[in-house]
$ cat run.txt   # compact mmCIF, C-alpha atoms
# COMPACT_ATOMS: atom_id res chain seq x y z
CA MET W 26 -105.04 -10.50 -72.55
CA SER W 27 -101.22 -10.46 -72.58
CA LYS W 28 -99.40 -7.31 -71.52
CA PRO W 29 -97.68 -5.11 -74.13
CA LEU W 30 -93.91 -5.64 -74.39
CA VAL W 31 -91.40 -2.78 -74.27
CA ALA W 32 -87.76 -3.50 -75.18
CA ILE W 33 -84.92 -1.29 -73.89
CA VAL W 34 -82.01 -1.22 -76.35
CA GLY W 35 -78.84 0.80 -76.79
CA ARG W 36 -75.05 0.75 -76.66
CA PRO W 37 -73.21 -0.66 -73.61
CA ASN W 38 -73.05 1.49 -70.50
CA VAL W 39 -75.64 4.10 -71.49
CA GLY W 40 -77.64 3.33 -68.32
CA LYS W 41 -80.25 0.84 -69.52
CA SER W 42 -80.08 -1.36 -66.42
CA THR W 43 -80.22 1.62 -64.05
CA LEU W 44 -83.23 2.86 -66.00
CA ILE W 45 -85.11 -0.46 -65.85
CA ASN W 46 -84.47 -0.66 -62.10
CA GLY W 47 -85.90 2.84 -61.72
CA LEU W 48 -88.94 2.21 -63.89
CA ALA W 49 -89.67 -1.10 -62.15
CA GLN W 50 -89.00 0.50 -58.73
CA ARG W 51 -86.92 -2.48 -57.67
CA ARG W 52 -83.57 -4.01 -58.50
CA VAL W 53 -84.16 -6.11 -61.62
CA SER W 54 -80.93 -5.83 -63.61
CA ILE W 55 -77.34 -6.00 -62.43
CA VAL W 56 -75.78 -2.52 -62.40
CA GLU W 57 -71.98 -2.20 -62.59
CA ASP W 58 -69.73 0.37 -64.23
CA ILE W 59 -68.43 -2.18 -66.73
CA PRO W 60 -69.63 -2.27 -70.35
CA GLY W 61 -71.50 -5.43 -71.29
CA VAL W 62 -72.84 -6.38 -67.86
CA THR W 63 -76.36 -7.29 -69.06
CA ARG W 64 -76.08 -10.09 -71.62
CA ASP W 65 -79.47 -11.80 -71.81
CA ARG W 66 -82.98 -10.43 -71.99
CA ILE W 67 -84.38 -9.62 -68.54
CA TYR W 68 -88.17 -9.31 -68.13
CA CYS W 69 -90.15 -7.43 -65.47
CA ASP W 70 -93.68 -6.02 -65.14
CA VAL W 71 -94.24 -2.26 -64.82
CA LYS W 72 -97.43 -0.35 -63.98
CA TRP W 73 -97.93 3.29 -64.93
CA LEU W 74 -101.23 4.92 -63.93
CA ASP W 75 -103.93 2.55 -65.24
CA LYS W 76 -101.66 0.76 -67.70
CA GLU W 77 -99.37 -2.26 -67.32
CA PHE W 78 -96.65 -3.57 -69.58
CA THR W 79 -93.66 -5.92 -69.54
CA LEU W 80 -90.23 -4.35 -69.86
CA ILE W 81 -87.36 -6.25 -71.52
CA ASP W 82 -83.80 -5.24 -70.71
CA THR W 83 -81.14 -6.27 -73.24
CA GLY W 84 -77.38 -6.35 -73.48
CA GLY W 85 -75.50 -3.42 -74.97
CA ILE W 86 -75.25 -3.61 -78.78
CA GLU W 87 -71.78 -3.26 -80.31
CA PHE W 88 -70.58 -3.52 -83.93
CA ARG W 89 -66.85 -3.95 -83.48
CA ASP W 90 -65.99 -7.57 -84.20
CA ASP W 91 -68.34 -10.02 -85.92
CA ASN W 92 -66.07 -12.87 -84.76
CA ASP W 93 -66.65 -12.00 -81.09
CA GLN W 94 -69.06 -14.75 -80.00
CA ILE W 95 -70.35 -12.84 -76.96
CA SER W 96 -70.91 -9.52 -78.79
CA SER W 97 -72.70 -11.17 -81.72
CA GLY W 98 -74.82 -13.19 -79.27
CA ILE W 99 -75.82 -10.01 -77.44
CA ARG W 100 -76.81 -8.39 -80.74
CA GLN W 101 -78.93 -11.43 -81.57
CA GLN W 102 -80.64 -11.26 -78.17
CA ALA W 103 -81.38 -7.56 -78.68
CA GLU W 104 -82.78 -8.22 -82.15
CA LEU W 105 -85.04 -10.94 -80.73
CA ALA W 106 -86.25 -8.48 -78.09
CA MET W 107 -87.02 -5.94 -80.82
CA GLU W 108 -89.05 -8.56 -82.70
CA GLU W 109 -91.03 -9.41 -79.55
CA ALA W 110 -91.66 -5.81 -78.53
CA ASP W 111 -94.68 -3.62 -79.18
CA VAL W 112 -92.67 -0.47 -78.38
CA ILE W 113 -88.90 0.06 -78.27
CA LEU W 114 -87.17 2.42 -75.83
CA PHE W 115 -83.85 3.43 -77.41
CA VAL W 116 -81.48 4.75 -74.72
CA VAL W 117 -78.60 7.04 -75.70
CA ASP W 118 -75.99 8.90 -73.63
CA ALA W 119 -76.14 12.71 -73.47
CA ARG W 120 -72.61 12.94 -72.09
CA ALA W 121 -71.03 10.83 -74.83
CA GLY W 122 -73.10 12.48 -77.56
CA MET W 123 -74.31 10.70 -80.66
CA THR W 124 -71.99 7.93 -81.90
CA SER W 125 -71.77 5.90 -85.07
CA ASP W 126 -73.15 2.88 -83.17
CA ASP W 127 -76.19 4.96 -82.16
CA GLU W 128 -76.80 5.77 -85.83
CA THR W 129 -76.42 2.09 -86.80
CA ILE W 130 -78.87 1.00 -84.09
CA ALA W 131 -81.31 3.71 -85.20
CA GLY W 132 -81.15 2.26 -88.73
CA LEU W 133 -82.05 -1.18 -87.36
CA LEU W 134 -84.94 0.30 -85.37
CA ARG W 135 -86.40 2.10 -88.38
CA LYS W 136 -86.50 -1.23 -90.24
CA THR W 137 -88.60 -2.85 -87.48
CA GLY W 138 -91.55 -0.54 -88.16
CA LYS W 139 -92.19 -0.49 -84.38
CA PRO W 140 -92.92 2.69 -82.38
CA VAL W 141 -89.63 3.97 -80.92
CA VAL W 142 -89.12 6.33 -77.97
CA VAL W 143 -85.63 7.86 -77.76
CA GLY W 144 -84.56 8.37 -74.14
CA VAL W 145 -81.52 10.64 -73.80
CA ASN W 146 -80.05 9.50 -70.49
CA LYS W 147 -77.65 11.24 -68.08
CA VAL W 148 -79.34 14.65 -68.45
CA ASP W 149 -78.90 15.46 -64.78
CA SER W 150 -79.39 19.24 -64.91
CA GLU W 151 -80.98 21.99 -67.02
CA ASN W 152 -77.51 22.93 -68.27
CA GLN W 153 -77.37 19.65 -70.23
CA GLU W 154 -80.70 20.02 -72.02
CA MET W 155 -78.98 21.42 -75.12
CA ASP W 156 -77.22 18.03 -75.45
CA VAL W 157 -80.58 16.46 -76.30
CA TYR W 158 -81.07 18.28 -79.58
CA GLU W 159 -78.41 16.48 -81.62
CA PHE W 160 -80.41 13.23 -81.22
CA TYR W 161 -83.24 14.64 -83.38
CA SER W 162 -81.02 13.73 -86.34
CA LEU W 163 -81.62 10.01 -85.62
CA GLY W 164 -84.99 10.47 -87.33
CA LEU W 165 -86.96 8.67 -84.60
CA GLY W 166 -89.11 11.53 -83.35
CA ASP W 167 -88.72 13.86 -80.36
CA PRO W 168 -86.10 12.64 -77.85
CA VAL W 169 -86.99 12.66 -74.13
CA ALA W 170 -84.45 13.94 -71.60
CA ILE W 171 -84.08 11.56 -68.64
CA SER W 172 -81.76 10.83 -65.75
CA ALA W 173 -81.93 7.18 -64.69
CA VAL W 174 -79.79 7.85 -61.61
CA ASN W 175 -81.85 10.81 -60.37
CA ARG W 176 -85.15 9.45 -61.77
CA LEU W 177 -85.88 12.57 -63.78
CA GLY W 178 -88.13 12.54 -66.83
CA PHE W 179 -89.69 9.17 -65.96
CA GLY W 180 -93.25 10.48 -66.18
CA GLU W 181 -92.80 11.81 -69.71
CA VAL W 182 -91.00 8.71 -70.99
CA LEU W 183 -93.67 6.42 -69.45
CA ASP W 184 -96.42 8.54 -71.01
CA ARG W 185 -94.76 8.19 -74.41
CA ILE W 186 -94.20 4.43 -73.99
CA THR W 187 -97.77 3.67 -72.91
CA GLN W 188 -99.48 5.95 -75.41
CA GLY W 189 -102.09 3.76 -77.06
CA PHE W 190 -101.74 0.89 -74.56
CA PRO W 191 -105.07 -0.45 -73.23
CA ALA W 192 -105.95 0.03 -69.56
CA ALA W 193 -104.91 -2.86 -67.33
CA GLU W 194 -107.46 -5.65 -66.95
CA MET W 195 -107.80 -8.30 -64.31
CA GLU W 196 -106.51 -11.58 -65.71
CA GLU W 197 -107.51 -15.02 -64.59
CA SER W 198 -104.90 -16.48 -62.28
CA GLU W 199 -102.85 -19.36 -63.63
CA ASP W 200 -101.20 -22.21 -61.79
CA ILE W 201 -97.70 -21.27 -62.81
CA ILE W 202 -94.81 -23.44 -61.67
CA ARG W 203 -91.68 -21.36 -61.16
CA THR W 204 -88.66 -23.52 -62.01
CA ALA W 205 -85.04 -22.47 -61.39
CA ILE W 206 -82.31 -24.07 -63.52
CA VAL W 207 -79.30 -24.23 -61.20
CA GLY W 208 -75.76 -25.60 -61.24
CA ARG W 209 -72.09 -24.82 -61.59
CA PRO W 210 -70.82 -22.77 -64.58
CA ASN W 211 -70.71 -24.43 -68.00
CA VAL W 212 -72.81 -27.52 -67.16
CA GLY W 213 -75.40 -26.66 -69.85
CA LYS W 214 -78.14 -24.74 -68.04
CA SER W 215 -78.80 -22.23 -70.82
CA THR W 216 -78.63 -24.94 -73.48
CA LEU W 217 -81.24 -26.91 -71.55
CA ILE W 218 -83.62 -23.94 -71.44
CA ASN W 219 -83.12 -23.22 -75.15
CA SER W 220 -83.83 -26.88 -75.98
CA LEU W 221 -87.00 -26.94 -73.89
CA LEU W 222 -88.27 -23.71 -75.45
CA GLY W 223 -87.28 -24.65 -78.98
CA TYR W 224 -85.41 -21.39 -79.62
CA GLU W 225 -82.44 -19.46 -78.22
CA ARG W 226 -83.85 -17.68 -75.19
CA SER W 227 -80.60 -17.67 -73.18
CA LEU W 228 -77.19 -16.69 -74.47
CA VAL W 229 -74.96 -19.74 -75.01
CA ALA W 230 -71.22 -19.56 -75.55
CA ASP W 231 -68.21 -21.74 -74.80
CA GLU W 232 -66.88 -19.08 -72.43
CA MET W 233 -67.54 -20.00 -68.80
CA GLY W 234 -69.92 -17.76 -66.88
CA THR W 235 -71.90 -16.45 -69.85
CA THR W 236 -75.15 -16.10 -67.88
CA ARG W 237 -74.87 -13.50 -65.12
CA ASP W 238 -78.45 -12.51 -64.37
CA ALA W 239 -81.32 -14.80 -63.45
CA VAL W 240 -83.35 -14.87 -66.67
CA ASP W 241 -87.08 -15.73 -66.86
CA SER W 242 -88.79 -17.56 -69.74
CA VAL W 243 -92.41 -18.67 -70.09
CA TRP W 244 -92.75 -22.30 -71.21
CA LYS W 245 -96.05 -23.89 -72.13
CA TYR W 246 -96.17 -27.69 -71.95
CA LYS W 247 -99.28 -29.90 -72.21
CA GLY W 248 -101.52 -27.00 -71.25
CA LYS W 249 -99.44 -26.15 -68.19
CA THR W 250 -97.45 -22.94 -67.69
CA PHE W 251 -93.91 -22.92 -66.34
CA ILE W 252 -91.56 -20.02 -65.66
CA LEU W 253 -88.02 -21.23 -66.38
CA VAL W 254 -85.32 -19.20 -64.61
CA ASP W 255 -81.81 -19.54 -66.04
CA THR W 256 -79.30 -18.66 -63.33
CA ALA W 257 -75.63 -17.81 -63.21
CA GLY W 258 -73.33 -20.74 -62.45
CA MET W 259 -72.32 -20.85 -58.79
CA ARG W 260 -68.66 -21.40 -58.01
CA ARG W 261 -66.88 -21.72 -54.67
CA LYS W 262 -66.40 -18.41 -52.84
CA SER W 263 -62.62 -18.72 -53.20
CA LYS W 264 -63.07 -18.80 -57.00
CA ILE W 265 -65.25 -15.67 -57.14
CA ASP W 266 -63.17 -12.56 -57.75
CA GLU W 267 -65.33 -10.00 -59.55
CA PRO W 268 -67.93 -8.10 -57.46
CA LEU W 269 -70.28 -8.63 -60.41
CA GLU W 270 -70.02 -12.42 -60.15
CA LYS W 271 -70.61 -12.28 -56.39
CA TYR W 272 -73.85 -10.44 -57.05
CA SER W 273 -74.78 -13.00 -59.71
CA VAL W 274 -74.45 -15.78 -57.13
CA ILE W 275 -76.73 -13.83 -54.79
CA ARG W 276 -79.24 -13.54 -57.64
CA SER W 277 -79.04 -17.31 -58.20
CA ILE W 278 -79.67 -17.96 -54.50
CA ARG W 279 -82.64 -15.59 -54.67
CA ALA W 280 -83.94 -17.48 -57.72
CA ILE W 281 -83.83 -20.68 -55.65
CA ASP W 282 -85.64 -18.95 -52.79
CA ASN W 283 -88.41 -17.79 -55.14
CA CYS W 284 -88.89 -21.00 -57.11
CA ASP W 285 -91.27 -23.92 -56.62
CA VAL W 286 -88.98 -26.54 -58.19
CA ALA W 287 -85.23 -26.44 -58.84
CA ILE W 288 -83.65 -28.43 -61.65
CA PHE W 289 -80.04 -28.97 -60.65
CA VAL W 290 -77.84 -29.66 -63.69
CA ILE W 291 -74.86 -31.98 -63.23
CA ASP W 292 -72.12 -32.58 -65.78
CA ALA W 293 -72.05 -36.35 -66.42
CA ILE W 294 -68.28 -36.25 -66.95
CA ASP W 295 -67.50 -34.41 -63.70
CA LYS W 296 -70.25 -36.29 -61.82
CA LEU W 297 -71.24 -34.95 -58.39
CA THR W 298 -68.74 -32.43 -57.00
CA GLU W 299 -68.43 -30.98 -53.51
CA GLN W 300 -69.75 -27.66 -54.81
CA ASP W 301 -72.77 -29.48 -56.26
CA LYS W 302 -73.49 -31.01 -52.85
CA LYS W 303 -73.38 -27.59 -51.18
CA ILE W 304 -75.80 -26.02 -53.65
CA ILE W 305 -78.15 -29.03 -53.50
CA GLY W 306 -77.94 -28.78 -49.71
CA TYR W 307 -79.10 -25.16 -49.95
CA ILE W 308 -82.04 -26.20 -52.17
CA HIS W 309 -82.93 -28.90 -49.62
CA GLU W 310 -82.74 -26.49 -46.67
CA ALA W 311 -84.88 -24.00 -48.60
CA GLY W 312 -87.57 -26.70 -48.87
CA LYS W 313 -87.80 -26.60 -52.67
CA GLY W 314 -88.76 -29.39 -55.04
CA LEU W 315 -85.66 -30.94 -56.57
CA ILE W 316 -84.87 -32.68 -59.86
CA LEU W 317 -81.33 -33.68 -60.81
CA PHE W 318 -80.65 -33.53 -64.54
CA VAL W 319 -77.42 -35.38 -65.36
CA ASN W 320 -76.45 -33.56 -68.55
CA LYS W 321 -74.05 -34.51 -71.39
CA TRP W 322 -75.02 -38.17 -70.99
CA ASP W 323 -74.39 -38.58 -74.73
CA THR W 324 -70.65 -38.02 -74.11
CA VAL W 325 -70.29 -40.81 -71.52
CA ALA W 326 -68.78 -44.16 -72.54
CA LYS W 327 -71.37 -46.71 -71.46
CA GLU W 328 -71.27 -50.31 -70.35
CA THR W 329 -73.94 -52.52 -68.79
CA ASN W 330 -75.52 -50.75 -65.78
CA THR W 331 -73.54 -47.52 -66.28
CA MET W 332 -76.62 -45.41 -65.53
CA VAL W 333 -77.61 -47.54 -62.53
CA GLU W 334 -74.13 -47.31 -61.06
CA MET W 335 -73.87 -43.55 -61.56
CA GLU W 336 -77.31 -42.98 -60.04
CA LYS W 337 -76.27 -45.06 -57.03
CA GLU W 338 -73.04 -43.06 -56.72
CA ILE W 339 -74.90 -39.74 -56.87
CA ARG W 340 -77.53 -40.80 -54.33
CA ASN W 341 -74.80 -42.01 -51.96
CA GLY W 342 -73.31 -38.52 -52.18
CA LEU W 343 -76.66 -36.97 -51.19
CA PRO W 344 -77.77 -38.87 -48.06
CA PHE W 345 -79.80 -35.84 -46.93
CA ALA W 346 -81.92 -35.87 -50.12
CA PRO W 347 -82.92 -39.49 -50.88
CA TYR W 348 -86.21 -38.21 -52.32
CA VAL W 349 -84.61 -36.48 -55.33
CA SER W 350 -85.97 -37.19 -58.82
CA MET W 351 -83.23 -37.90 -61.37
CA LEU W 352 -83.02 -37.84 -65.17
CA PHE W 353 -80.06 -38.68 -67.43
CA GLY W 354 -80.01 -36.93 -70.79
CA SER W 355 -78.46 -34.32 -73.06
CA ALA W 356 -79.55 -30.70 -73.40
CA LEU W 357 -77.62 -30.45 -76.68
CA THR W 358 -79.14 -33.49 -78.41
CA LYS W 359 -82.44 -33.20 -76.47
CA GLN W 360 -82.07 -36.78 -75.24
CA ARG W 361 -84.88 -37.48 -72.70
CA ILE W 362 -85.54 -33.79 -71.97
CA HIS W 363 -89.16 -34.30 -73.08
CA LYS W 364 -89.69 -36.02 -69.72
CA LEU W 365 -88.83 -32.91 -67.70
CA GLY W 366 -92.22 -31.19 -68.05
CA ASP W 367 -94.08 -34.11 -66.47
CA MET W 368 -91.38 -34.47 -63.80
CA ILE W 369 -91.59 -30.79 -62.81
CA TYR W 370 -95.38 -30.95 -62.62
CA ASN W 371 -95.29 -34.14 -60.54
CA VAL W 372 -92.75 -32.68 -58.07
CA ALA W 373 -94.81 -29.48 -57.76
CA GLU W 374 -97.89 -31.59 -56.97
CA GLN W 375 -95.95 -33.58 -54.37
CA GLN W 376 -94.88 -30.30 -52.78
CA CYS W 377 -98.54 -29.36 -52.32
CA LEU W 378 -99.78 -32.77 -51.16
CA ARG W 379 -101.99 -32.65 -48.05
CA ILE W 380 -102.65 -35.69 -45.83
CA PRO W 381 -105.78 -35.74 -43.61
CA THR W 382 -105.03 -35.84 -39.87
CA ALA W 383 -106.98 -39.09 -39.40
CA VAL W 384 -104.87 -40.83 -42.06
CA LEU W 385 -101.66 -39.49 -40.51
CA ASN W 386 -102.56 -40.81 -37.09
CA ASP W 387 -103.41 -44.27 -38.47
CA LEU W 388 -99.93 -44.28 -40.02
CA LEU W 389 -98.43 -43.09 -36.74
CA GLU W 390 -100.09 -45.90 -34.78
CA ASP W 391 -98.75 -48.48 -37.26
CA ALA W 392 -95.26 -46.96 -37.01
CA LYS W 393 -95.35 -47.11 -33.19
CA MET W 394 -96.30 -50.80 -33.36
CA ILE W 395 -93.30 -51.55 -35.60
CA ASN W 396 -90.84 -49.33 -33.74
CA PRO W 397 -92.01 -48.11 -30.28
CA PRO W 398 -90.93 -44.60 -29.21
CA PRO W 399 -87.56 -44.53 -27.44
CA ALA W 400 -86.86 -44.21 -23.74
CA HIS W 401 -84.19 -41.99 -22.21
CA SER W 402 -82.99 -41.90 -18.60
CA GLY W 403 -85.91 -44.04 -17.53
CA ARG W 404 -88.47 -41.81 -19.27
CA VAL W 405 -90.52 -43.18 -22.16
CA ALA W 406 -91.46 -40.89 -25.04
CA LYS W 407 -95.19 -40.71 -25.71
CA ILE W 408 -96.38 -39.63 -29.15
CA TYR W 409 -99.93 -38.30 -29.02
CA TYR W 410 -100.78 -37.35 -32.59
CA MET W 411 -99.50 -35.73 -35.78
CA THR W 412 -101.05 -33.16 -38.10
CA GLN W 413 -99.99 -31.38 -41.29
CA VAL W 414 -99.57 -27.64 -40.91
CA GLY W 415 -98.09 -26.56 -44.25
CA ILE W 416 -97.07 -27.27 -47.83
CA ARG W 417 -94.13 -26.30 -50.06
CA PRO W 418 -92.61 -28.28 -48.44
CA PRO W 419 -95.13 -30.55 -46.70
CA THR W 420 -94.70 -29.77 -43.00
CA PHE W 421 -95.99 -31.82 -40.08
CA VAL W 422 -96.12 -31.29 -36.33
CA MET W 423 -95.82 -34.33 -34.06
CA PHE W 424 -97.04 -33.72 -30.51
CA VAL W 425 -95.26 -35.66 -27.75
CA ASN W 426 -94.93 -35.54 -23.97
CA ASP W 427 -91.35 -34.23 -24.15
CA ALA W 428 -89.62 -33.27 -27.42
CA LYS W 429 -86.18 -33.89 -25.87
CA LEU W 430 -86.95 -37.63 -25.72
CA ILE W 431 -87.37 -37.92 -29.51
CA HIS W 432 -84.04 -38.59 -31.20
CA PHE W 433 -83.55 -37.36 -34.80
CA SER W 434 -83.22 -40.99 -35.92
CA TYR W 435 -86.80 -41.66 -34.80
CA VAL W 436 -87.99 -38.57 -36.70
CA ARG W 437 -86.26 -39.98 -39.77
CA PHE W 438 -88.04 -43.30 -39.19
CA ILE W 439 -91.40 -41.49 -39.22
CA GLU W 440 -90.35 -39.61 -42.36
CA ASN W 441 -89.50 -42.89 -44.07
CA LYS W 442 -92.93 -44.30 -43.16
CA LEU W 443 -94.56 -41.19 -44.65
CA ARG W 444 -92.60 -41.64 -47.86
CA GLU W 445 -93.46 -45.35 -48.03
CA SER W 446 -97.15 -44.48 -47.90
CA PHE W 447 -97.33 -41.20 -49.85
CA VAL W 448 -94.03 -41.10 -51.82
CA PHE W 449 -93.41 -37.29 -51.70
CA GLU W 450 -91.08 -37.74 -54.68
CA GLY W 451 -88.80 -34.80 -55.37
CA THR W 452 -89.70 -32.83 -52.25
CA PRO W 453 -88.25 -32.58 -48.78
CA ILE W 454 -90.66 -32.89 -45.88
CA ARG W 455 -90.43 -31.25 -42.47
CA ILE W 456 -91.40 -32.88 -39.19
CA VAL W 457 -91.48 -30.59 -36.15
CA VAL W 458 -91.53 -32.32 -32.76
CA ARG W 459 -93.41 -30.32 -30.16
CA SER W 460 -94.07 -30.97 -26.49
CA LYS W 461 -97.77 -30.86 -25.78
CA LYS W 462 -97.07 -28.74 -22.73
CA ASP W 463 -96.10 -25.99 -25.18
CA GLY W 464 -99.85 -25.55 -25.58
CA ASP W 465 -99.86 -25.11 -29.37
CA THR W 466 -102.11 -27.84 -30.75
CA GLU W 467 -102.65 -26.76 -34.33

$ encode --input "run.txt" --output "structure tokens"
Amino acid sequence: MSKPLVAIVGRPNVGKSTLINGLAQRRVSIVEDIPGVTRDRIYCDVKWLDKEFTLIDTGGIEFRDDNDQISSGIRQQAELAMEEADVILFVVDARAGMTSDDETIAGLLRKTGKPVVVGVNKVDSENQEMDVYEFYSLGLGDPVAISAVNRLGFGEVLDRITQGFPAAEMEESEDIIRTAIVGRPNVGKSTLINSLLGYERSLVADEMGTTRDAVDSVWKYKGKTFILVDTAGMRRKSKIDEPLEKYSVIRSIRAIDNCDVAIFVIDAIDKLTEQDKKIIGYIHEAGKGLILFVNKWDTVAKETNTMVEMEKEIRNGLPFAPYVSMLFGSALTKQRIHKLGDMIYNVAEQQCLRIPTAVLNDLLEDAKMINPPPAHSGRVAKIYYMTQVGIRPPTFVMFVNDAKLIHFSYVRFIENKLRESFVFEGTPIRIVVRSKKDGDTE
């Protein structure tokens, strides 16, 4: 059974993000004293007593300028969240008092027919409780006084939200593949997610840096479940000025750390940049599955072998990641994006591939026949055996007489033999060389 959905809505800067962080008891939304910080819908799971639900944070709703692409996009995202939700938590500001925008939002909420809980935020002391009463005139029931910063009134607001929710049940575990969509700003990450989902899940605008949080979406494809995480575009440190954007980059790095597979989006016009190489290098070092999606391919003037030549150029720029899967297409026109689901699943399987020790040692013996272990200062390296000790990424330990005698080039030779036999497409592999005298013979 799916968990009930609760959407948090309200004007900018009334404390919605601080509230969701408090209710979730962890940092979920970016908090900054700048109106309009949260732009997309942010999801997180919350448990209260014996009940569980999913909380949706939304961008602040404004009604100033219909021609403002960002503001109208935020309103659309909030309206989508209201449609999805079972209950709506409407957050208002006790210090600012009731505004015309609050009244307009209340009118929208009444039209939804959904249960609404009005949370009057920033009631930090008993002296402010009188400020709550004016919000009765919204016509949405009894307001609840809360302080997101001091975590006051949480019990009452959670009781009101979960009233009528069923008790939490154990759900069958799913093999969910967590997939981060990563890349520089304005390469089409949000457009790609929207095209895969078939609706506008992430906010898309021409303005660079539209996505600031890491945003999760559930995508079902051929009976498989994927979590797609849209991340903020990562620019060079010298180009990052706002503290908010610095935190967004940290969130993107965390999204990479928590994913199974990363889809790195490249702009086909710009090709592979130095910043791209650095981010891909981080994905490689983190041991994540990797797919390169060369976006905006529909805008490239093509001749014979254009794709082959560009793929060769990109691979030459990534000598540390020869295993990468690559797809050329267009998020806007949906060219070839139907292949991504199968590619993600295949890379995730390769990340979890296990090779029996007996098979590994047969391969090792063949490799030693082709290219004997090196000698150094009159000492010959002896390789005893190899075994797999981990997955995500596949990790192997090779036991030798002295690890110092094994040059990295020989380790790469063994890696190449592994890939010739078992492919490991889209995933890095780790080979740890260990002297047998170390005594650890896992």

$ axis_aligned_box --input "run.txt" --around "region 443-454 of chain W" --padding-each-side "6 Å" --output "JSON"
{"center_x": -92.8, "center_y": -39.0, "center_z": -50.0, "size_x": 21.1, "size_y": 24.8, "size_z": 22.7}

$ atom_distance --input "run.txt" --atom1 "CA of Thr187 (chain W)" --atom2 "CA of Leu80 (chain W)"
11.4 Å

$ closest_residue --input "run.txt" --among "W:His363, W:Arg176, W:Arg437, W:Lys461" --to "Lys407 (chain W)" --atoms "only C-alpha atoms"
W:Lys461

$ atom_distance --input "run.txt" --atom1 "CA of Leu352 (chain W)" --atom2 "CA of Leu443 (chain W)"
23.8 Å

$ closest_residue --input "run.txt" --among "W:Tyr307, W:Phe115, W:Trp322, W:Tyr370" --to "Arg36 (chain W)" --atoms "only C-alpha atoms"
W:Phe115

$ closest_residue --input "run.txt" --among "W:Met351, W:Ala428, W:Val117, W:Pro399" --to "Pro37 (chain W)" --atoms "only C-alpha atoms"
W:Val117

$ atom_distance --input "run.txt" --atom1 "CA of Lys313 (chain W)" --atom2 "CA of Asp255 (chain W)"
16.3 Å
